[in-house]
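Engineer: Input: one structure, supplied below.
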Amino acid sequence: MIWLTWRQFRVQALAALGAVTAVAVLFAVSRGHLSDLARSAGLNGCAGADACASARADFFDGVQADRLAGVLFYAGAVLLYLTPALLGLFWGAPLIAREVEAGTFRLAWSQSTTRRSWLAVKLGLVGAGSVVTGGLLSLVVTWWAGPIDRAAALPAGSRAAGPSLPGRFAPLLFGARDLVPVGAALFAFALGVTCGLLLRRTLPAMAVTLLVLTAVQVALPMTVRPFYEAPLRKTVPLVASYGHDFSMRIEGGSVRMVQSVDVPGAWVISVGTTDSAGRPWSGPAPRVCLAQNATPQQCLGAVNALRLDQVVSYQPADRYWTFQWIETALYALGAAALAGFCFARVRALRLD
Amino acid sequence: MAVVIDAPAIRTVGLGRRYRGRWALEDCTLDIPAGRVVGLVGPNGAGKSTLLNLVMGLLAPSAGTVEVLGDRPGTGPRELARVGFVAQDAPVYAHLTVADHLRFGARLNPGWDDAYARRRVEELGLDPARKAGRLSGGQRAQLALTLAVAKRGDLLVLDEPAASLDPLARRELLESLAEAVADRAMSVVLSSHLVSDLEHACDHLVVLNAGRVRLTGDIGVLLAEHRAVTGNREADLEELVLTHLGRTTKETAK
């Protein structure tokens with residue numbers, strides 16, 4: 001069975017190896033420049049909030065000047081979201097569906113090997129291939145983005161308004177770093193196999209795999225991930241002022257004010273305004289802010305007189321790895337459940 | 001163990017299989033002794049493939065029971081190892097070579113007779129390096145038959161192995177089958193919608209029509225009975241089968 005699986009799978013395995021190698025070379029070649037930028041900005045071993053904020057800002061200025069780095073930064077994230085989808089579509093969905101379509105399951109399942117052993121070896125080997133593919137790509141991208149991720153987790157200080165890139169805990173990037181892509185790859189593969197088993201035709205199985213996987217990858221960061229641990233809250237007095245780090249929008253009776261928050265390396269989930277008693281506050285705006293002849297300063301002064309607070313709900317930077325492990329475990333559990341379902345169903349697979 | 005050896009090749013009781021509310025096979029009761037070459041004959045859609053897939057354990061019964069060589073078919077590696085199968089249209093892996101298929105057989109079957117398989121491929125003149133997807137229909141059927149025979153089971157099941165072949169390839173395949181059977185004591189079940197395919201190869205007959213068994217028994221005995229009843233001393237297998245198919249058609253029409 002191991003031989004058969006390898007014989008049927010080797011072209012795809014070699015193609016994946018080739019693609020991973022190409023990606024690794026591309027990222028490795030451009031990594032040198034990123035390291036140089038980090039070194040010249042003094043990013044490595046900066047000490048003290050001010051020095052680090054300054055190194056961070058210098059580094060991001062350098063990154064912005066280098067077009068390629070910005071492109072690769074996002075290309076790496078896109079690649080790591082694309083990989084599980086490709087594995088699910090091209091390795092998972094056809095695994096059973098193509099045997100059914102071609103009628104070769106009648107050949108495969110009438111040898112002296114039970115369907116379950118056949119499935120076990122296929123799931124084991126191709127699943128391992130998916131884990132290795134996802135793992136290697138994540139390793140390359142995470143390593144390449146190391147300096148950027150490090151800089152993004154430093155305090156922004158007074159130069160917060162300069163160019164920067166999102167940190168690794170941000171919803172967009174969290175699933176494209178370290179362990180999560182490995183879990184996602186395994187889950188996507190198992191999902192593809194399951195869809196192939198249920199639909200018994202490759203193309204519909206691919207379509208449904210893509211649909212479900214996308215839904216899971218969108219829903220997970222929005223609905224489940226914020227609650228792996230109870231978010232921390234940070235309350236700071238809201239100081240309305242002119243400047244880059246404060247914005248105010250008045251719409252009819254409600255006011256929305258955001259003062260930029262600097263929680264280095266954290267994932268800021270929500271920002272809200274409360275009154276001095278701690279109740280959520282959304283207006284009405286002080287009358288002077290709506291008056292035609294009032295100056296902006298008068299409005300800001302009136303807002304400050306309300307003694308409002310800004311409440312930030314966030315996951316601190318030191319929870320990053322806990323969250324990585326939890327999300328990877330969730331994906332792995334999902335994959336295990338799907339594999340178990342496939343084992344239960346393959347014996348009674350409808351073959352008419 | 002003696003019980004297992006003496007068990008009938010195939011025994012079904014009230015076996016039925018339903019697809020989307022329609023019975024493809026219904027109330028099928030058969031007792032086929034071991035060591036026979038059974039011809040399963042009937043028009044297209046009679047339920048032949050359904051019956052054979054049930055015998056292989058590739059389908060689960062909707063009603064009744066099926067036993068193959070004394071066991072429920074397809075339950076474990078031991079049961080699977082005892083039955084060789086050539087499915088309808090002789091499916092093979094298009095991207096694997098002939099040699100790959102032999103290795104496939106060797107890796108997946110503990111009883112694999114590699115010497116036989118290699119000799120057959122050589123006799124057939126198949127290029128081991130050729131991809132199975134580029135073989136002719138006759139060559140593909142021969143390869144599938146080689147795989148099924150080299151497995152060295154006690155029962156060989158062939159689902160319309162000759163259906164899509166030209167007359168020459170058809171004859172060659174049936175000759176290969178006859179040789180394989182002569183080589184070794186094993187039971188064979190062979191389905192066809194052409195009586196002429198079965199005439200020389202088989203000694204036992206099962207006639208299937210519209211999902212029901214119409215006639216079953218030893219060909220010699222059936223023919224003798226038929227000749228006695230009809231008074232037609234020249235009656236052959238074809239006429240016997242057609243008589244039973246025709247009668248059932250009339251009965252259904254009433």
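As shown in the structure tokens, the chain order sets the letters A, B, ...; within each chain, residues go from 1, and ligands are also counted from 1 in the order they appear.
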Among stretch 67-296 of chain A, which residues carry a DSSP assignment of strand (DSSP E), reported as a VMD selection string?

Structural biologist: chain A and resid 232 to 237 246 to 251 254 to 259 267 to 274

Engineer: Produce a file of the selected residues containing C-alpha atoms, as a tab-separated table (two decimals), in the first residue's frame.

Structural biologist:
```tsv
chain	number	residue	atom	x	y	z
A	232	LEU	CA	-7.36	42.03	28.67
A	233	ARG	CA	-8.73	45.55	29.05
A	234	LYS	CA	-6.79	48.72	29.35
A	235	THR	CA	-8.47	51.98	30.28
A	236	VAL	CA	-6.79	55.30	29.53
A	237	PRO	CA	-8.19	58.81	29.81
A	246	PHE	CA	-6.70	61.16	17.59
A	247	SER	CA	-9.76	61.10	15.41
A	248	MET	CA	-13.35	62.09	16.03
A	249	ARG	CA	-16.40	61.54	13.90
A	250	ILE	CA	-19.80	63.01	14.66
A	251	GLU	CA	-22.74	61.41	12.91
A	254	SER	CA	-23.52	59.78	18.04
A	255	VAL	CA	-19.82	60.42	18.34
A	256	ARG	CA	-16.99	58.03	17.69
A	257	MET	CA	-13.58	58.93	19.00
A	258	VAL	CA	-10.42	56.89	18.66
A	259	GLN	CA	-7.13	57.72	20.20
A	267	TRP	CA	-3.73	42.09	19.02
A	268	VAL	CA	-6.13	44.94	19.64
A	269	ILE	CA	-9.62	43.49	19.35
A	270	SER	CA	-11.76	46.53	20.04
A	271	VAL	CA	-11.59	50.12	21.17
A	272	GLY	CA	-14.48	51.79	22.94
A	273	THR	CA	-15.32	54.94	24.84
A	274	THR	CA	-16.78	55.05	28.37
```

Engineer: Need the shell around B:Pro73: protein/DNA/RNA residues with any atom at most 9 Å away, counting only C-alpha atoms. Skip same-chain ones fewer than 6 positions apart. Format as an MDAnalysis selection string?

Structural biologist: chainID B and resid 54:58 66:67 79:80 83

Engineer: For the selection just defined, write its residues with C-alpha atoms to a file, as a PDB file, in the first residue's frame.

Structural biologist:
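The result, stored in again_39.pdb:
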```
ATOM      1  CA  LEU B  54     -22.491  -7.755  -4.042  1.00  0.00           C
ATOM      2  CA  VAL B  55     -20.430 -10.947  -4.341  1.00  0.00           C
ATOM      3  CA  MET B  56     -17.263  -8.836  -4.209  1.00  0.00           C
ATOM      4  CA  GLY B  57     -18.450  -6.931  -1.159  1.00  0.00           C
ATOM      5  CA  LEU B  58     -18.196  -3.694  -3.166  1.00  0.00           C
ATOM      6  CA  VAL B  66     -24.597 -13.308   0.516  1.00  0.00           C
ATOM      7  CA  GLU B  67     -21.805 -15.712   1.408  1.00  0.00           C
ATOM      8  CA  GLU B  79     -11.721 -12.830   2.539  1.00  0.00           C
ATOM      9  CA  LEU B  80     -10.456 -10.335  -0.026  1.00  0.00           C
ATOM     10  CA  VAL B  83     -11.460 -13.712  -4.617  1.00  0.00           C
TER      11      VAL B  83
END
```

Engineer: Specify as a list in words all residues of chain B found within 7 Å of chain A, counting only C-alpha atoms.

Structural biologist: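 Per the criterion, chain B yields Leu59, Gly76, Pro77, Arg78, Leu80, Ala81, Phe85, Ala87, Pro91, Val92, Tyr93, Phe104, Arg107, Leu108 and Asn109 of chain B.
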
Engineer: Which one is closest to A:Val100: A:Val346, A:Val132, A:Cys299, A:Leu34? Count only C-alpha atoms.

Structural biologist: A:Val346

Engineer: With DSSP run on the backbone, what are the alpha helix (DSSP H) residues within stretch 100-254 of chain B? I'd like them as a VMD selection string.

Structural biologist: chain B and resid 100 to 108 114 to 124 137 to 150 167 to 183 195 to 199 219 to 230 237 to 253

Engineer: Mind writing the picked residues with C-alpha atoms as a short mmCIF file (atom, residue, chain, number, x, y, z; two decimals), in the first residue's frame?

Structural biologist:
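Result went into selection-v6.cif, see below:
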```cif
data_model
loop_
_atom_site.label_atom_id
_atom_site.label_comp_id
_atom_site.auth_asym_id
_atom_site.auth_seq_id
_atom_site.Cartn_x
_atom_site.Cartn_y
_atom_site.Cartn_z
CA ASP B 100 3.70 -1.00 -12.16
CA HIS B 101 0.49 -3.00 -12.24
CA LEU B 102 2.37 -6.22 -11.60
CA ARG B 103 4.15 -4.58 -8.69
CA PHE B 104 0.79 -3.26 -7.49
CA GLY B 105 -0.54 -6.83 -7.49
CA ALA B 106 2.56 -8.15 -5.74
CA ARG B 107 2.47 -5.50 -3.00
CA LEU B 108 -1.21 -5.79 -2.25
CA ASP B 114 4.75 -13.32 -9.74
CA ALA B 115 6.14 -15.98 -12.09
CA TYR B 116 2.70 -16.51 -13.60
CA ALA B 117 2.06 -12.79 -13.99
CA ARG B 118 5.40 -12.17 -15.71
CA ARG B 119 4.95 -15.15 -18.01
CA ARG B 120 1.46 -13.99 -18.99
CA VAL B 121 2.61 -10.45 -19.74
CA GLU B 122 5.38 -11.86 -21.91
CA GLU B 123 3.08 -14.30 -23.72
CA LEU B 124 0.62 -11.48 -24.39
CA GLY B 137 -9.18 -2.55 -24.88
CA GLY B 138 -8.20 -6.18 -25.38
CA GLN B 139 -4.77 -5.69 -23.83
CA ARG B 140 -6.29 -3.85 -20.88
CA ALA B 141 -8.75 -6.68 -20.28
CA GLN B 142 -5.89 -9.19 -20.50
CA LEU B 143 -3.86 -7.18 -17.98
CA ALA B 144 -6.83 -7.01 -15.61
CA LEU B 145 -7.37 -10.75 -15.99
CA THR B 146 -3.68 -11.42 -15.32
CA LEU B 147 -3.88 -9.38 -12.10
CA ALA B 148 -7.00 -11.21 -10.96
CA VAL B 149 -5.60 -14.69 -11.71
CA ALA B 150 -2.11 -14.04 -10.29
CA PRO B 167 -14.34 -10.65 -31.83
CA LEU B 168 -10.63 -11.57 -32.01
CA ALA B 169 -9.71 -9.95 -28.68
CA ARG B 170 -12.81 -11.49 -27.18
CA ARG B 171 -11.75 -14.97 -28.27
CA GLU B 172 -8.20 -14.47 -27.03
CA LEU B 173 -9.43 -13.32 -23.66
CA LEU B 174 -11.76 -16.28 -23.25
CA GLU B 175 -8.92 -18.60 -24.26
CA SER B 176 -6.69 -16.99 -21.61
CA LEU B 177 -9.43 -17.54 -19.09
CA ALA B 178 -9.86 -21.17 -20.09
CA GLU B 179 -6.09 -21.74 -19.73
CA ALA B 180 -6.04 -20.10 -16.30
CA VAL B 181 -8.94 -22.26 -15.15
CA ALA B 182 -7.36 -25.45 -16.51
CA ASP B 183 -4.15 -24.60 -14.64
CA VAL B 195 -24.57 -16.63 -24.71
CA SER B 196 -21.88 -17.45 -27.26
CA ASP B 197 -19.22 -16.17 -24.82
CA LEU B 198 -20.29 -18.72 -22.26
CA GLU B 199 -21.04 -21.69 -24.44
CA ILE B 219 -25.78 -26.67 -18.12
CA GLY B 220 -25.81 -30.35 -19.12
CA VAL B 221 -28.79 -31.09 -16.89
CA LEU B 222 -30.67 -27.96 -17.97
CA LEU B 223 -30.14 -28.74 -21.64
CA ALA B 224 -31.27 -32.33 -21.26
CA GLU B 225 -34.44 -31.23 -19.45
CA HIS B 226 -35.13 -28.56 -22.05
CA ARG B 227 -34.73 -31.03 -24.93
CA ALA B 228 -37.02 -33.49 -23.22
CA VAL B 229 -39.71 -30.90 -22.52
CA THR B 230 -39.67 -29.19 -25.91
CA LEU B 237 -27.71 -23.17 -24.91
CA GLU B 238 -28.76 -20.06 -26.79
CA GLU B 239 -32.22 -21.41 -27.35
CA LEU B 240 -32.48 -22.51 -23.73
CA VAL B 241 -31.58 -19.05 -22.48
CA LEU B 242 -33.81 -17.26 -24.97
CA THR B 243 -36.74 -19.49 -24.06
CA HIS B 244 -36.39 -18.54 -20.42
CA LEU B 245 -35.87 -14.85 -21.11
CA GLY B 246 -38.82 -14.85 -23.54
CA ARG B 247 -41.15 -16.65 -21.18
CA THR B 248 -40.35 -14.27 -18.36
CA THR B 249 -40.91 -11.30 -20.62
CA LYS B 250 -44.37 -12.60 -21.50
CA GLU B 251 -45.11 -13.31 -17.86
CA THR B 252 -44.13 -9.78 -16.90
CA ALA B 253 -46.31 -8.41 -19.69
#
```

Engineer: List the neighbours of A:Ala13 out to 10 Å using only C-alpha atoms; skip same-chain residues closer than 2 positions along the sequence, and give me the result as a ChimeraX atom specification.

Structural biologist: /A:6,8-11,15-19,91,126,129-130,133

Engineer: For a test of reading the model, state the distance in Å between atom CA of A:Gly157 and atom CA of A:Asp275, rounded to one decimal.

Structural biologist: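 For atom CA of A:Gly157 relative to atom CA of A:Asp275, the distance reads 26.4 Å.
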
Engineer: Please provide the set of residues having any atom within 12 Å of B:Gly45, restricted to only C-alpha atoms, with same-chain residues fewer than 5 positions apart removed, written as a PDB file with C-alpha atoms, in the first residue's frame.

Structural biologist:
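Saved result, around21.pdb, follows:
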```pdb
ATOM      1  CA  TRP B  23     -34.811  -3.002  -7.178  1.00  0.00           C
ATOM      2  CA  ALA B  24     -31.788  -3.725  -9.380  1.00  0.00           C
ATOM      3  CA  LEU B  25     -31.690  -7.214  -7.925  1.00  0.00           C
ATOM      4  CA  THR B  50     -25.144  -5.603  -9.157  1.00  0.00           C
ATOM      5  CA  LEU B  51     -24.989  -9.282  -8.235  1.00  0.00           C
ATOM      6  CA  SER B 192     -22.065 -11.713 -20.309  1.00  0.00           C
ATOM      7  CA  HIS B 193     -25.031 -10.611 -22.328  1.00  0.00           C
ATOM      8  CA  LEU B 208     -30.940 -13.183 -14.806  1.00  0.00           C
ATOM      9  CA  ASN B 209     -33.614 -10.848 -16.137  1.00  0.00           C
ATOM     10  CA  ALA B 210     -35.184  -7.684 -14.730  1.00  0.00           C
ATOM     11  CA  GLY B 211     -33.421  -8.164 -11.408  1.00  0.00           C
ATOM     12  CA  ARG B 212     -34.601 -11.732 -10.846  1.00  0.00           C
TER      13      ARG B 212
END
```

Engineer: Tell me, as a PyMOL selection string, which residues lie within 12 Å of A:Asp58, counting only C-alpha atoms; anything in the same chain fewer than 4 positions away does not count.

Structural biologist: chain A and resi 37-43+51-54+62-65+148+151-152+156+159-160+162-164

Engineer: Take the residues that were just selected and, keeping C-alpha atoms, output them as a short mmCIF file (atom, residue, chain, number, x, y, z; two decimals), in the first residue's frame.

Structural biologist:
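The new file result.cif reads:
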```cif
data_model
loop_
_atom_site.label_atom_id
_atom_site.label_comp_id
_atom_site.auth_asym_id
_atom_site.auth_seq_id
_atom_site.Cartn_x
_atom_site.Cartn_y
_atom_site.Cartn_z
CA LEU A 37 17.98 47.28 6.99
CA ALA A 38 17.46 45.87 10.48
CA ARG A 39 21.16 46.21 11.26
CA SER A 40 21.54 49.76 9.97
CA ALA A 41 18.38 50.83 11.82
CA GLY A 42 19.80 49.37 15.04
CA LEU A 43 16.81 47.09 15.43
CA ALA A 51 15.68 53.94 21.11
CA CYS A 52 13.55 51.01 20.00
CA ALA A 53 10.77 53.26 18.71
CA SER A 54 13.33 55.15 16.71
CA GLY A 62 13.80 51.47 4.89
CA VAL A 63 11.28 48.72 4.22
CA GLN A 64 8.93 51.16 2.56
CA ALA A 65 11.70 52.44 0.32
CA ILE A 148 9.60 42.86 10.24
CA ALA A 151 10.02 45.60 14.52
CA ALA A 152 6.21 45.54 14.45
CA ALA A 156 5.92 52.85 18.25
CA ARG A 159 6.76 58.12 15.57
CA ALA A 160 3.65 55.94 15.45
CA GLY A 162 5.18 56.69 10.15
CA PRO A 163 5.06 53.73 7.81
CA SER A 164 4.70 50.31 9.38
#
```

Engineer: B:Gly217: which residues within 7 Å, counting only C-alpha atoms, same-chain residues fewer than 3 positions away excluded, as a list in words?

Structural biologist: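 Listing them by chain and then by number gives His204, Leu205, Val206 and Leu222 of chain B.
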
Engineer: What separation in Å, quoted to one decimal, exists between atom CA of B:Ala90 and atom CA of B:Val157?

Structural biologist: 11.8 Å

Engineer: For B:Ala129, work out the shell of residues within 10 Å, counting only C-alpha atoms and skipping chain neighbours fewer than 2 positions away, then give it as a list in words.

Structural biologist: Leu96, Thr97, Val98, Ala99, Asp100, Leu126, Asp127, Lys131 and Ala132 of chain B

Engineer: Keeping C-alpha atoms for every residue in the selection just given, could you write it to a file as an mmCIF file, in the first residue's frame?

Structural biologist:
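And here is the file that came out, part-v2.cif:
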```cif
data_model
loop_
_atom_site.group_PDB
_atom_site.id
_atom_site.type_symbol
_atom_site.label_atom_id
_atom_site.label_comp_id
_atom_site.auth_asym_id
_atom_site.auth_seq_id
_atom_site.Cartn_x
_atom_site.Cartn_y
_atom_site.Cartn_z
ATOM 1 C CA LEU B 96 0.762 3.394 -14.237
ATOM 2 C CA THR B 97 2.770 1.137 -16.516
ATOM 3 C CA VAL B 98 2.169 -2.562 -17.080
ATOM 4 C CA ALA B 99 5.154 -3.331 -14.824
ATOM 5 C CA ASP B 100 3.704 -1.000 -12.164
ATOM 6 C CA LEU B 126 2.672 -6.445 -23.468
ATOM 7 C CA ASP B 127 5.481 -3.923 -23.136
ATOM 8 C CA LYS B 131 1.322 3.019 -19.621
ATOM 9 C CA ALA B 132 -1.905 1.098 -19.045
#
```

Engineer: How many Å separate atom CA of B:Ala185 from atom CA of B:Ser49?

Structural biologist: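 The value is 24.4 Å.
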